[in-house]
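Visitor: This one is protein_26.cif, mmCIF, C-alpha atoms.
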```
data_target
loop_
_atom_site.label_atom_id
_atom_site.label_comp_id
_atom_site.auth_asym_id
_atom_site.auth_seq_id
_atom_site.Cartn_x
_atom_site.Cartn_y
_atom_site.Cartn_z
CA MET A 1 2.40 4.17 14.03
CA LYS A 2 5.95 4.04 12.65
CA THR A 3 7.76 7.21 11.63
CA GLY A 4 11.21 7.91 10.32
CA TYR A 5 13.38 9.98 7.98
CA ILE A 6 14.57 8.48 4.69
CA HIS A 7 17.41 10.08 2.74
CA ARG A 8 16.87 10.37 -1.01
CA LYS A 9 20.05 8.41 -1.70
CA SER A 10 18.65 5.37 0.09
CA MET A 11 15.85 5.20 -2.53
CA ASN A 12 18.15 4.61 -5.48
CA PRO A 13 19.21 0.99 -4.75
CA CYS A 14 15.57 -0.07 -4.33
CA GLY A 15 14.26 1.22 -7.65
CA LEU A 16 13.14 4.60 -6.27
CA ARG A 17 10.48 2.99 -4.08
CA PHE A 18 8.38 5.77 -2.53
CA ASP A 19 5.97 3.78 -0.33
CA SER A 20 6.71 4.21 3.38
CA SER A 21 5.86 0.58 4.21
CA TYR A 22 8.99 -0.49 2.32
CA HIS A 23 11.43 1.87 4.04
CA LEU A 24 10.00 1.41 7.56
CA SER A 25 9.68 -2.37 7.35
CA ASP A 26 11.50 -4.88 9.55
CA GLY A 27 13.56 -5.78 6.50
CA VAL A 28 15.39 -2.44 6.68
CA ALA A 29 16.45 -3.12 10.27
CA VAL A 30 17.50 -6.65 9.33
CA LYS A 31 19.59 -5.34 6.45
CA ARG A 32 21.49 -3.16 8.89
CA VAL A 33 22.18 -6.20 11.08
CA ILE A 34 23.25 -8.28 8.07
CA ALA A 35 25.57 -5.47 7.01
CA SER A 36 27.37 -5.84 10.36
CA SER A 37 28.11 -9.53 9.64
CA PRO A 38 31.62 -10.65 10.63
CA TYR A 39 31.54 -12.85 7.51
CA PRO A 40 31.72 -11.75 3.87
CA LEU A 41 28.39 -11.00 2.17
CA MET A 42 27.27 -11.94 -1.32
CA PRO A 43 24.02 -11.46 -3.23
CA ILE A 44 22.02 -14.67 -3.27
CA GLU A 45 22.18 -14.80 -7.07
CA LYS A 46 25.90 -15.65 -6.74
CA ALA A 47 24.91 -18.79 -4.79
CA ALA A 48 22.32 -19.90 -7.36
CA ASP A 49 22.33 -21.25 -10.89
CA ARG A 50 18.83 -19.87 -11.46
CA ILE A 51 16.14 -17.98 -9.59
CA PHE A 52 12.93 -18.12 -11.60
CA ILE A 53 9.16 -18.62 -11.45
CA GLY A 54 8.61 -21.35 -14.06
CA GLY A 55 6.24 -21.27 -16.99
CA ARG A 56 2.87 -19.58 -17.13
CA ALA A 57 0.15 -21.54 -18.88
CA ARG A 58 -3.58 -22.02 -19.06
CA ARG A 59 -4.33 -24.89 -16.72
CA VAL A 60 -6.37 -27.88 -17.82
CA TYR A 61 -7.04 -30.22 -14.92
CA VAL A 62 -7.84 -33.94 -15.15
CA LYS A 63 -8.92 -36.54 -12.59
CA ASP A 64 -6.92 -39.56 -13.79
CA ARG A 65 -3.25 -39.78 -12.72
CA GLU A 66 -2.50 -41.64 -15.93
CA HIS A 67 -3.24 -38.45 -17.86
CA GLY A 68 -2.14 -35.86 -15.30
CA ILE A 69 0.85 -34.58 -13.34
CA PRO A 70 0.47 -33.38 -9.73
CA PHE A 71 0.30 -29.58 -9.71
CA LEU A 72 1.28 -27.59 -6.61
CA SER A 73 -0.06 -24.13 -5.86
CA SER A 74 1.92 -21.70 -3.71
CA SER A 75 0.07 -22.96 -0.61
CA ASP A 76 0.48 -26.63 -1.58
CA ILE A 77 4.28 -26.49 -1.36
CA LEU A 78 3.94 -25.97 2.41
CA GLN A 79 1.59 -28.91 2.99
CA ALA A 80 2.45 -32.20 4.67
CA ASP A 81 0.50 -34.16 2.02
CA LEU A 82 1.84 -33.43 -1.45
CA GLU A 83 -0.27 -36.10 -3.18
CA ALA A 84 -3.83 -34.82 -2.63
CA VAL A 85 -3.43 -32.02 -5.19
CA LYS A 86 -4.89 -31.16 -8.58
CA LEU A 87 -3.60 -32.92 -11.69
CA ALA A 88 -2.55 -30.84 -14.70
CA SER A 89 -3.13 -32.45 -18.06
CA LYS A 90 -0.02 -34.00 -19.60
CA LYS A 91 -1.42 -33.34 -23.07
CA TYR A 92 -2.57 -29.76 -22.70
CA THR A 93 0.05 -28.29 -20.37
CA PRO A 94 2.87 -26.56 -22.33
CA ASN A 95 6.39 -25.96 -21.00
CA VAL A 96 6.12 -28.82 -18.52
CA GLU A 97 9.88 -28.99 -17.95
CA ASP A 98 9.98 -25.31 -16.88
CA MET A 99 7.26 -25.99 -14.32
CA LYS A 100 8.82 -29.12 -12.75
CA LEU A 101 10.46 -28.99 -9.34
CA GLN A 102 13.67 -30.72 -8.32
CA LYS A 103 15.02 -31.98 -5.02
CA GLY A 104 17.26 -29.55 -3.13
CA TRP A 105 15.66 -26.37 -4.45
CA THR A 106 14.41 -23.63 -2.13
CA LEU A 107 10.80 -22.74 -2.93
CA ILE A 108 9.40 -19.31 -1.99
CA THR A 109 5.80 -18.13 -2.16
CA ARG A 110 5.71 -14.93 -4.21
CA SER A 111 2.09 -13.81 -3.84
CA GLY A 112 -0.69 -14.21 -1.31
CA THR A 113 1.19 -15.25 1.83
CA ILE A 114 4.51 -13.91 0.60
CA GLY A 115 7.90 -15.13 1.79
CA ASN A 116 7.06 -18.61 3.09
CA CYS A 117 9.75 -21.13 2.19
CA ALA A 118 9.90 -24.88 1.62
CA PHE A 119 12.91 -27.11 1.02
CA ALA A 120 12.09 -29.37 -1.93
CA ASN A 121 12.48 -33.05 -1.11
CA ALA A 122 11.88 -36.13 -3.26
CA LYS A 123 8.10 -35.76 -2.81
CA HIS A 124 8.20 -32.30 -4.43
CA ALA A 125 10.47 -33.49 -7.23
CA GLN A 126 8.91 -34.02 -10.68
CA LYS A 127 5.69 -32.33 -9.63
CA LEU A 128 4.66 -29.09 -11.30
CA ALA A 129 4.30 -25.79 -9.47
CA SER A 130 2.56 -22.57 -10.39
CA GLU A 131 4.18 -19.30 -11.37
CA HIS A 132 3.35 -18.06 -7.87
CA VAL A 133 6.29 -20.11 -6.57
CA ILE A 134 9.84 -18.77 -6.93
CA ARG A 135 12.42 -21.51 -7.49
CA LEU A 136 15.96 -21.00 -6.21
CA VAL A 137 18.35 -23.53 -7.77
CA PRO A 138 21.53 -23.61 -5.64
CA ASN A 139 25.02 -24.04 -7.05
CA ASN A 140 27.95 -25.39 -5.05
CA ILE A 141 29.16 -22.07 -3.64
CA LEU A 142 26.98 -22.28 -0.51
CA ARG A 143 25.30 -25.33 1.01
CA GLU A 144 21.72 -25.71 -0.22
CA GLY A 145 20.35 -26.41 3.26
CA TYR A 146 22.12 -23.32 4.59
CA ILE A 147 20.54 -21.10 1.91
CA TYR A 148 17.09 -22.49 2.72
CA ALA A 149 17.48 -22.11 6.50
CA TYR A 150 18.67 -18.53 6.05
CA LEU A 151 15.66 -17.54 3.93
CA ALA A 152 13.27 -19.49 6.21
CA SER A 153 14.58 -17.71 9.33
CA LYS A 154 12.73 -14.74 10.79
CA GLN A 155 15.45 -12.47 9.40
CA GLY A 156 15.14 -14.05 5.95
CA TYR A 157 11.37 -13.68 6.08
CA SER A 158 11.74 -9.97 6.90
CA LEU A 159 14.07 -9.50 3.95
CA LEU A 160 11.75 -11.37 1.57
CA THR A 161 8.60 -9.54 2.59
CA GLN A 162 10.29 -6.13 2.38
CA GLY A 163 10.28 -6.46 -1.40
CA THR A 164 6.50 -6.73 -1.79
CA PHE A 165 4.79 -4.49 -4.29
CA GLY A 166 1.29 -4.08 -5.73
CA ALA A 167 -1.85 -2.35 -4.53
CA VAL A 168 -4.38 -5.21 -4.65
CA ILE A 169 -2.40 -8.43 -5.09
CA GLN A 170 1.09 -8.09 -3.69
CA HIS A 171 4.11 -9.94 -5.06
CA ILE A 172 7.84 -10.33 -4.89
CA GLU A 173 9.97 -11.07 -7.94
CA PRO A 174 12.97 -13.37 -8.58
CA ALA A 175 15.20 -10.35 -9.28
CA TYR A 176 14.49 -9.03 -5.79
CA VAL A 177 15.31 -12.39 -4.17
CA ALA A 178 18.51 -12.52 -6.24
CA SER A 179 19.61 -9.15 -4.84
CA LEU A 180 19.29 -10.08 -1.16
CA PRO A 181 22.55 -10.31 0.84
CA ILE A 182 23.55 -13.63 2.42
CA PRO A 183 26.49 -14.05 4.82
CA VAL A 184 29.13 -16.54 3.74
CA ALA A 185 29.38 -18.39 7.04
CA PRO A 186 32.29 -20.75 7.79
CA GLU A 187 32.08 -24.10 6.02
CA SER A 188 31.72 -26.01 9.30
CA PHE A 189 28.69 -23.93 10.27
CA GLN A 190 27.12 -24.30 6.84
CA GLN A 191 27.72 -28.05 6.95
CA GLU A 192 26.04 -28.42 10.34
CA VAL A 193 22.96 -26.50 9.18
CA ASP A 194 22.85 -28.37 5.87
CA ASP A 195 23.09 -31.78 7.58
CA LEU A 196 20.05 -30.97 9.73
CA ILE A 197 18.01 -29.78 6.73
CA GLN A 198 19.00 -32.77 4.59
CA GLU A 199 18.15 -35.18 7.41
CA SER A 200 14.82 -33.41 7.87
CA ALA A 201 14.06 -33.85 4.16
CA ARG A 202 14.96 -37.55 4.29
CA LEU A 203 12.75 -38.14 7.32
CA ARG A 204 9.81 -36.42 5.62
CA GLU A 205 10.22 -38.66 2.58
CA GLU A 206 10.29 -41.80 4.73
CA ALA A 207 7.33 -40.59 6.79
CA ALA A 208 5.27 -39.96 3.64
CA ASP A 209 6.12 -43.46 2.36
CA ALA A 210 5.06 -45.07 5.66
CA LEU A 211 1.74 -43.22 5.69
CA GLN A 212 1.06 -44.06 2.06
CA GLN A 213 1.69 -47.76 2.79
CA ALA A 214 -0.78 -47.62 5.69
CA ILE A 215 -3.50 -45.96 3.58
CA GLN A 216 -2.86 -48.31 0.66
CA GLN A 217 -3.39 -51.33 2.90
CA VAL A 218 -6.79 -49.93 3.92
CA GLU A 219 -7.81 -49.32 0.30
CA ASP A 220 -6.64 -52.78 -0.79
CA ILE A 221 -8.82 -54.47 1.83
CA ILE A 222 -11.92 -52.34 1.33
CA PRO A 223 -12.83 -51.80 -2.35
CA TYR A 224 -14.12 -48.39 -3.38
CA PRO A 225 -17.60 -48.82 -4.92
CA SER A 226 -18.33 -46.70 -7.98
CA LYS A 227 -20.66 -43.77 -7.50
CA LYS A 228 -24.26 -44.12 -8.63
CA ASN A 229 -25.71 -41.08 -10.30
CA VAL A 230 -29.35 -41.90 -9.66
CA GLY A 231 -31.38 -43.87 -7.16
CA CYS A 232 -34.50 -43.90 -5.07
CA VAL A 233 -34.93 -43.53 -1.32
CA SER A 234 -37.91 -44.67 0.71
CA SER A 235 -39.69 -42.34 3.11
CA ARG A 236 -38.97 -44.87 5.87
CA THR A 237 -35.23 -44.46 5.28
CA ILE A 238 -35.55 -40.67 5.50
CA LEU A 239 -37.58 -40.83 8.71
CA SER A 240 -35.03 -43.16 10.34
CA SER A 241 -31.95 -41.20 9.21
CA HIS A 242 -29.87 -38.99 11.48
CA ASN A 243 -31.76 -35.71 11.95
CA ARG A 244 -34.15 -36.95 9.22
CA ARG A 245 -31.79 -35.75 6.50
CA PHE A 246 -33.62 -34.85 3.28
CA GLU A 247 -30.78 -33.92 0.85
CA ALA A 248 -30.30 -36.25 -2.12
CA ASN A 249 -26.50 -36.33 -1.81
CA TYR A 250 -26.81 -37.80 1.68
CA TYR A 251 -28.42 -40.94 0.26
CA ILE A 252 -27.02 -41.10 -3.27
CA SER A 253 -23.26 -40.63 -2.99
CA GLU A 254 -19.99 -42.51 -2.86
CA GLY A 255 -20.11 -42.32 0.93
CA HIS A 256 -23.56 -43.90 1.01
CA ASP A 257 -22.45 -46.74 -1.33
CA ILE A 258 -19.36 -47.40 0.77
CA GLU A 259 -21.39 -47.39 3.97
CA LYS A 260 -23.78 -50.02 2.56
CA TYR A 261 -20.82 -52.11 1.37
CA ILE A 262 -19.23 -52.07 4.85
CA TYR A 263 -22.54 -52.99 6.51
CA LYS A 264 -22.89 -55.97 4.19
CA ASN A 265 -19.32 -57.33 4.02
CA PHE A 266 -17.55 -56.50 7.31
CA LYS A 267 -17.93 -56.59 11.00
CA TRP A 268 -17.89 -52.95 12.01
CA LYS A 269 -18.19 -50.51 14.86
CA PRO A 270 -19.39 -46.90 14.74
CA LEU A 271 -16.61 -44.35 15.14
CA GLY A 272 -18.25 -43.12 18.33
CA GLN A 273 -17.63 -46.52 19.98
CA VAL A 274 -13.92 -46.71 19.10
CA CYS A 275 -13.15 -43.22 20.41
CA GLU A 276 -13.10 -41.99 24.00
CA ASP A 277 -14.25 -38.62 22.79
CA ILE A 278 -15.24 -36.84 19.57
CA SER A 279 -15.71 -33.16 20.28
CA ARG A 280 -14.71 -29.60 19.51
CA PRO A 281 -14.27 -26.57 21.79
CA ASP A 282 -16.97 -23.97 22.19
CA ILE A 283 -16.75 -20.60 20.44
CA PHE A 284 -14.74 -18.14 22.54
CA LYS A 285 -13.37 -14.60 22.54
CA ARG A 286 -9.81 -14.49 21.25
CA PHE A 287 -7.09 -12.30 22.77
CA TYR A 288 -4.14 -12.12 20.37
CA VAL A 289 -0.69 -11.21 21.73
CA GLN A 290 2.92 -11.12 20.53
CA ASN A 291 4.29 -13.77 22.90
CA GLY A 292 1.54 -16.25 23.67
CA ILE A 293 0.61 -19.78 22.64
CA VAL A 294 0.56 -20.64 18.92
CA PHE A 295 -3.03 -20.77 17.65
CA LEU A 296 -3.73 -22.99 14.62
CA GLY A 297 -6.66 -22.62 12.28
CA GLY A 298 -8.29 -25.44 10.34
CA ALA A 299 -5.84 -25.11 7.42
CA ASP A 300 -2.72 -24.78 9.63
CA ILE A 301 -3.01 -28.33 11.02
CA PHE A 302 -2.13 -29.73 7.57
CA LEU A 303 1.12 -27.79 7.14
CA ALA A 304 4.38 -29.73 6.90
CA SER A 305 5.44 -27.74 9.98
CA PRO A 306 2.18 -26.77 11.71
CA ASP A 307 2.53 -23.14 12.74
CA SER A 308 0.77 -19.79 12.72
CA LYS A 309 1.67 -16.18 13.33
CA LYS A 310 -1.42 -15.91 15.56
CA GLN A 311 -0.81 -16.38 19.28
CA LEU A 312 -3.35 -16.37 22.09
CA SER A 313 -2.87 -14.83 25.52
CA LYS A 314 -1.88 -17.36 28.19
CA THR A 315 -3.71 -15.44 30.91
CA LYS A 316 -6.85 -14.21 29.14
CA THR A 317 -7.69 -17.44 27.29
CA THR A 318 -9.83 -19.30 29.81
CA ASN A 319 -10.36 -22.54 27.86
CA ILE A 320 -6.74 -23.41 27.02
CA SER A 321 -7.15 -27.05 28.14
CA SER A 322 -9.94 -27.69 25.63
CA LEU A 323 -8.07 -25.87 22.84
CA ALA A 324 -4.72 -27.60 23.39
CA ILE A 325 -3.81 -30.33 20.89
CA LYS A 326 -2.74 -33.65 22.37
CA GLU A 327 -0.29 -35.86 20.54
CA ASN A 328 -1.77 -38.98 18.86
CA THR A 329 -5.25 -37.53 18.50
CA ILE A 330 -7.00 -37.26 15.13
CA LEU A 331 -7.91 -33.79 13.83
CA ILE A 332 -10.69 -33.07 11.33
CA PRO A 333 -11.79 -29.60 10.16
CA ARG A 334 -15.52 -29.01 10.63
CA SER A 335 -15.62 -26.55 7.71
CA GLY A 336 -13.42 -25.56 4.79
CA THR A 337 -11.47 -28.57 3.51
CA ILE A 338 -13.93 -31.13 4.89
CA GLY A 339 -12.78 -34.71 4.57
CA ASN A 340 -9.07 -34.08 5.14
CA VAL A 341 -7.69 -35.65 8.31
CA ALA A 342 -4.52 -34.90 10.33
CA TRP A 343 -2.67 -37.02 12.88
CA ALA A 344 -1.45 -34.88 15.78
CA HIS A 345 2.32 -35.40 16.10
CA ALA A 346 5.04 -33.57 18.01
CA GLY A 347 4.71 -30.60 15.64
CA HIS A 348 1.11 -30.06 16.78
CA ALA A 349 1.52 -30.88 20.46
CA GLN A 350 1.01 -28.11 23.01
CA LYS A 351 -0.28 -25.71 20.38
CA LEU A 352 -3.90 -24.56 20.37
CA ALA A 353 -6.47 -25.16 17.65
CA SER A 354 -9.71 -23.36 16.98
CA GLU A 355 -13.27 -24.55 17.52
CA ASP A 356 -13.33 -25.38 13.80
CA VAL A 357 -11.10 -28.40 14.46
CA ILE A 358 -12.83 -31.55 15.70
CA ARG A 359 -10.72 -33.77 18.00
CA LEU A 360 -10.99 -37.58 17.98
CA GLN A 361 -9.34 -39.50 20.83
CA PRO A 362 -9.23 -43.23 19.97
CA ASN A 363 -9.73 -45.76 22.79
CA ASP A 364 -8.36 -49.32 23.11
CA ILE A 365 -11.05 -51.08 21.07
CA LEU A 366 -9.21 -50.41 17.78
CA ARG A 367 -5.72 -48.99 17.26
CA GLY A 368 -5.60 -45.22 16.74
CA GLY A 369 -3.26 -45.44 13.77
CA TYR A 370 -5.65 -47.77 11.96
CA ILE A 371 -8.60 -45.44 12.56
CA TYR A 372 -6.55 -42.51 11.23
CA ALA A 373 -5.40 -44.41 8.12
CA PHE A 374 -8.98 -45.50 7.42
CA LEU A 375 -10.34 -41.95 7.74
CA SER A 376 -7.43 -40.59 5.63
CA SER A 377 -8.15 -42.99 2.77
CA SER A 378 -10.42 -42.14 -0.15
CA ILE A 379 -12.96 -44.42 1.53
CA GLY A 380 -12.88 -42.54 4.83
CA LYS A 381 -12.97 -39.17 3.07
CA ALA A 382 -16.15 -40.15 1.21
CA LEU A 383 -17.76 -41.34 4.45
CA ILE A 384 -16.92 -38.05 6.19
CA GLN A 385 -18.19 -35.97 3.27
CA LYS A 386 -21.48 -37.84 3.26
CA HIS A 387 -22.40 -35.95 6.45
CA ILE A 388 -21.72 -32.45 5.10
CA PHE A 389 -24.54 -29.96 5.63
CA GLY A 390 -25.03 -26.28 4.84
CA SER A 391 -25.55 -24.38 1.60
CA VAL A 392 -23.06 -21.48 1.69
CA ILE A 393 -20.54 -22.52 4.36
CA GLN A 394 -20.59 -26.29 4.69
CA HIS A 395 -19.92 -28.09 7.96
CA ILE A 396 -19.79 -31.40 9.74
CA GLU A 397 -20.25 -31.90 13.47
CA PRO A 398 -19.10 -34.52 16.04
CA PRO A 399 -22.51 -36.29 16.24
CA HIS A 400 -22.30 -36.97 12.50
CA LEU A 401 -18.78 -38.40 12.71
CA LYS A 402 -19.83 -40.80 15.48
CA LEU A 403 -22.03 -42.62 12.94
CA ILE A 404 -19.22 -43.52 10.51
CA PRO A 405 -18.76 -47.33 10.33
CA ILE A 406 -15.18 -48.53 10.97
CA PRO A 407 -14.52 -52.04 9.60
CA VAL A 408 -13.10 -54.52 12.13
CA ILE A 409 -10.47 -56.46 10.17
CA GLU A 410 -7.71 -58.90 11.21
CA ASP A 411 -5.75 -57.83 14.30
CA SER A 412 -2.41 -58.39 12.57
CA ILE A 413 -3.34 -56.01 9.72
CA ILE A 414 -4.68 -53.41 12.15
CA ASP A 415 -1.44 -53.63 14.17
CA ASN A 416 0.72 -53.26 11.07
CA ILE A 417 -1.22 -50.21 9.84
CA HIS A 418 -1.01 -48.66 13.32
CA LYS A 419 2.77 -49.20 13.43
CA LEU A 420 3.20 -47.50 10.05
CA VAL A 421 1.24 -44.46 11.26
CA ILE A 422 3.30 -44.27 14.45
CA GLU A 423 6.47 -44.48 12.32
CA TYR A 424 5.09 -41.63 10.21
CA SER A 425 4.34 -39.59 13.34
CA LYS A 426 7.78 -40.05 14.89
CA LYS A 427 9.66 -39.24 11.70
CA VAL A 428 7.63 -36.12 10.98
CA GLY A 429 8.16 -34.94 14.57
CA LYS A 430 11.93 -35.47 14.28
CA ALA A 431 12.02 -33.78 10.86
CA ILE A 432 10.33 -30.68 12.29
CA GLU A 433 12.72 -30.68 15.25
CA ASN A 434 15.78 -30.85 12.96
CA GLU A 435 14.51 -28.10 10.68
CA ARG A 436 13.70 -25.80 13.59
CA GLN A 437 17.12 -26.43 15.09
CA ALA A 438 18.83 -25.48 11.81
CA ILE A 439 16.78 -22.30 11.42
CA SER A 440 17.33 -21.41 15.08
CA MET A 441 21.10 -21.70 14.58
CA ILE A 442 20.91 -19.10 11.80
CA GLU A 443 18.70 -16.78 13.86
CA GLN A 444 20.90 -16.98 16.95
CA GLU A 445 24.03 -16.38 14.91
CA ILE A 446 22.58 -13.24 13.32
CA GLU A 447 21.25 -11.96 16.66
CA SER A 448 24.71 -12.37 18.19
CA TRP A 449 26.10 -9.73 15.82
CA THR A 450 24.18 -6.96 17.62
CA LYS A 451 25.38 -7.85 21.12
#
```
Output the file's structure in the form of structure tokens.

Guide:
Amino acid sequence: MKTGYIHRKSMNPCGLRFDSSYHLSDGVAVKRVIASSPYPLMPIEKAADRIFIGGRARRVYVKDREHGIPFLSSSDILQADLEAVKLASKKYTPNVEDMKLQKGWTLITRSGTIGNCAFANAKHAQKLASEHVIRLVPNNILREGYIYAYLASKQGYSLLTQGTFGAVIQHIEPAYVASLPIPVAPESFQQEVDDLIQESARLREEAADALQQAIQQVEDIIPYPSKKNVGCVSSRTILSSHNRRFEANYYISEGHDIEKYIYKNFKWKPLGQVCEDISRPDIFKRFYVQNGIVFLGGADIFLASPDSKKQLSKTKTTNISSLAIKENTILIPRSGTIGNVAWAHAGHAQKLASEDVIRLQPNDILRGGYIYAFLSSSIGKALIQKHIFGSVIQHIEPPHLKLIPIPVIEDSIIDNIHKLVIEYSKKVGKAIENERQAISMIEQEIESWTK
């Protein structure tokens, strides 16, 4: 329990807030530290042309990219893949220009998981974002990468989350962000931080391009058969199926059509034969601590910078070796967003992941990057989703994944796809390293003011 005395005068600058969670939050302590800055302070609004939330509008979604614009929710802005999102209708979405993002902006989640930040790169640009994302448009007074790193630091997060309000759904508002103090650090320091953030953004753009090239090569070689809405299945087929599956969508689906097409037109091997292991850890008791090992859930593995505020005890967690993520493995959630696939890069390595994440370790029969690109394609996604089971909470399991047919194509094409995935992995890992270094510089500088 936290307790403390608050003077009435301290309530005036914050709009006469009366809730104790505001006045006893970490943000109050951070504000005291920021106030001791050896550098001049300014409100963030002085370093921005605009701080706004974009237009609100009734959303009409479409499936065809020709008629839609990618639309990012507040959680989407933090994802590694910015393409697999909903499409808002070009025709029926008003105020499109107010909703569009631009490169160099700082994006802040304003509801739900409040205070998470993303630095908009070219892959965010020209996409739409919801009103649950605050846009900070920097001017030339402070470096844009410096502003982002400051708000993304642990001190910036504390300041942002201090301004939450609402009983059921909590929010922060642009006016609150505009009022936050930011130290005007020396130009050389700002430049160093900005260079790291800009380089990180460039590497993410190049990584996304490399991965998209790899996936496109897979989809060019293996056509995507159109889905059949009706069909008939013999009792013999049902009796010979895995676990004698009886659901219609197991036999009459895009995944089923693709599977038949691969059987007929390609040499292939089951996924179980081209992997050393396909498994997931057993269910275990979790001991959460303040300073342990980062513990990722099924959704966390898809973040642009995989991270979580949950940490497991190093001493009480007995199955750390089975939970630990190894670089260059393939990660697939067994529930939730089934069909999405992640490649474990340096940002995942040495963190732990839950039993809801299936691990695939490719062997030397086919290149790991090719297997990942195939499973990440629309073709692979349909094949994975074919094996979904469950009525309320849907799942897949390792024995189902082992059945997926992987086409054996020309070695030169497999090698090229693998190289593109490795390029993607290295650039994402370096981008995360640069961003963390920039944010760490801000955090260490602020911490030095109290010593």

Visitor: Which one is closest to A:Gly390: A:Arg334, A:Leu101, A:Gly298, A:His418? Count all atoms listed in the file.

Guide: A:Arg334

Visitor: Under the rule that all atoms listed in the file are counted, which of A:Lys430, A:Lys127, A:Glu144, A:Asn328 is the nearest residue to A:Asn363?

Guide: A:Asn328

Visitor: Work out how far apart atom CA of A:Lys316 and atom CA of A:Arg286 are and give it in Å to one decimal.

Guide: 8.4 Å

Visitor: Quick one: everything within 9 Å of A:Tyr157, counting only C-alpha atoms, minus sequence neighbours fewer than 2 positions away in the same chain. Send it as a list in words.

Guide: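 Final neighbour list, sorted by chain and number: Gly27, Ile114, Gly115, Asn116, Cys117, Tyr150, Leu151, Ala152, Ser153, Lys154, Gln155, Leu159, Leu160, Thr161 and Gln162 of chain A.
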
Visitor: Write out as a compact mmCIF listing (two decimals) with C-alpha atoms, in the coordinates of the input which residues come within 8 Å of stretch 214-224 of chain A when counting all atoms listed in the file, dropping same-chain ones fewer than 3 positions away.

Guide:
```txt
# COMPACT_ATOMS: atom_id res chain seq x y z
CA ALA A 210 5.06 -45.07 5.66
CA LEU A 211 1.74 -43.22 5.69
CA ILE A 258 -19.36 -47.40 0.77
CA TYR A 370 -5.65 -47.77 11.96
CA ALA A 373 -5.40 -44.41 8.12
CA PHE A 374 -8.98 -45.50 7.42
CA SER A 376 -7.43 -40.59 5.63
CA SER A 377 -8.15 -42.99 2.77
CA SER A 378 -10.42 -42.14 -0.15
CA ILE A 379 -12.96 -44.42 1.53
CA ASN A 416 0.72 -53.26 11.07
CA ILE A 417 -1.22 -50.21 9.84
CA HIS A 418 -1.01 -48.66 13.32
CA LEU A 420 3.20 -47.50 10.05
CA VAL A 421 1.24 -44.46 11.26
```

Visitor: So how far away is atom CA of A:Leu72 from atom CA of A:His171, in Å?

Guide: 17.9 Å

Visitor: By how many Å are atom CA of A:Val60 and atom CA of A:Leu87 apart?

Guide: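 Between atom CA of A:Val60 and atom CA of A:Leu87 the gap works out to 8.4 Å.
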
Visitor: Report as a PDB file with C-alpha atoms, keeping the file's coordinate frame the full result of the PyMOL selection byres ((chain A and resi 200) around 7) when it is applied to this structure.

Guide:
```pdb
ATOM      1  CA  LEU A 196      20.050 -30.970   9.730  1.00  0.00           C
ATOM      2  CA  ILE A 197      18.010 -29.780   6.730  1.00  0.00           C
ATOM      3  CA  GLN A 198      19.000 -32.770   4.590  1.00  0.00           C
ATOM      4  CA  GLU A 199      18.150 -35.180   7.410  1.00  0.00           C
ATOM      5  CA  ALA A 201      14.060 -33.850   4.160  1.00  0.00           C
ATOM      6  CA  ARG A 202      14.960 -37.550   4.290  1.00  0.00           C
ATOM      7  CA  LEU A 203      12.750 -38.140   7.320  1.00  0.00           C
ATOM      8  CA  ARG A 204       9.810 -36.420   5.620  1.00  0.00           C
ATOM      9  CA  ALA A 431      12.020 -33.780  10.860  1.00  0.00           C
ATOM     10  CA  ILE A 432      10.330 -30.680  12.290  1.00  0.00           C
ATOM     11  CA  ASN A 434      15.780 -30.850  12.960  1.00  0.00           C
ATOM     12  CA  GLU A 435      14.510 -28.100  10.680  1.00  0.00           C
TER      13      GLU A 435
END
```

Visitor: For each of A:Ile283, A:Val184, A:Ile69, A:Val85, take the minimum atom-to-atom distance to A:Pro40, counting all atoms listed in the file, then give the residue where this is smallest.

Guide: A:Val184

Visitor: Taking only C-alpha atoms into account, which of A:Lys86, A:Arg436, A:His400, A:Lys351 comes nearest A:Gly272?

Guide: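 Once distances to A:Gly272 are computed over only C-alpha atoms, the minimum belongs to A:His400.
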
Visitor: Which is closer to A:Ile414 than all the others in A:Gly156, A:Gly368, A:Pro333, A:Pro174, using only C-alpha atoms?

Guide: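 Ranking A:Gly156, A:Gly368, A:Pro333, A:Pro174 by distance to A:Ile414, first place goes to A:Gly368.
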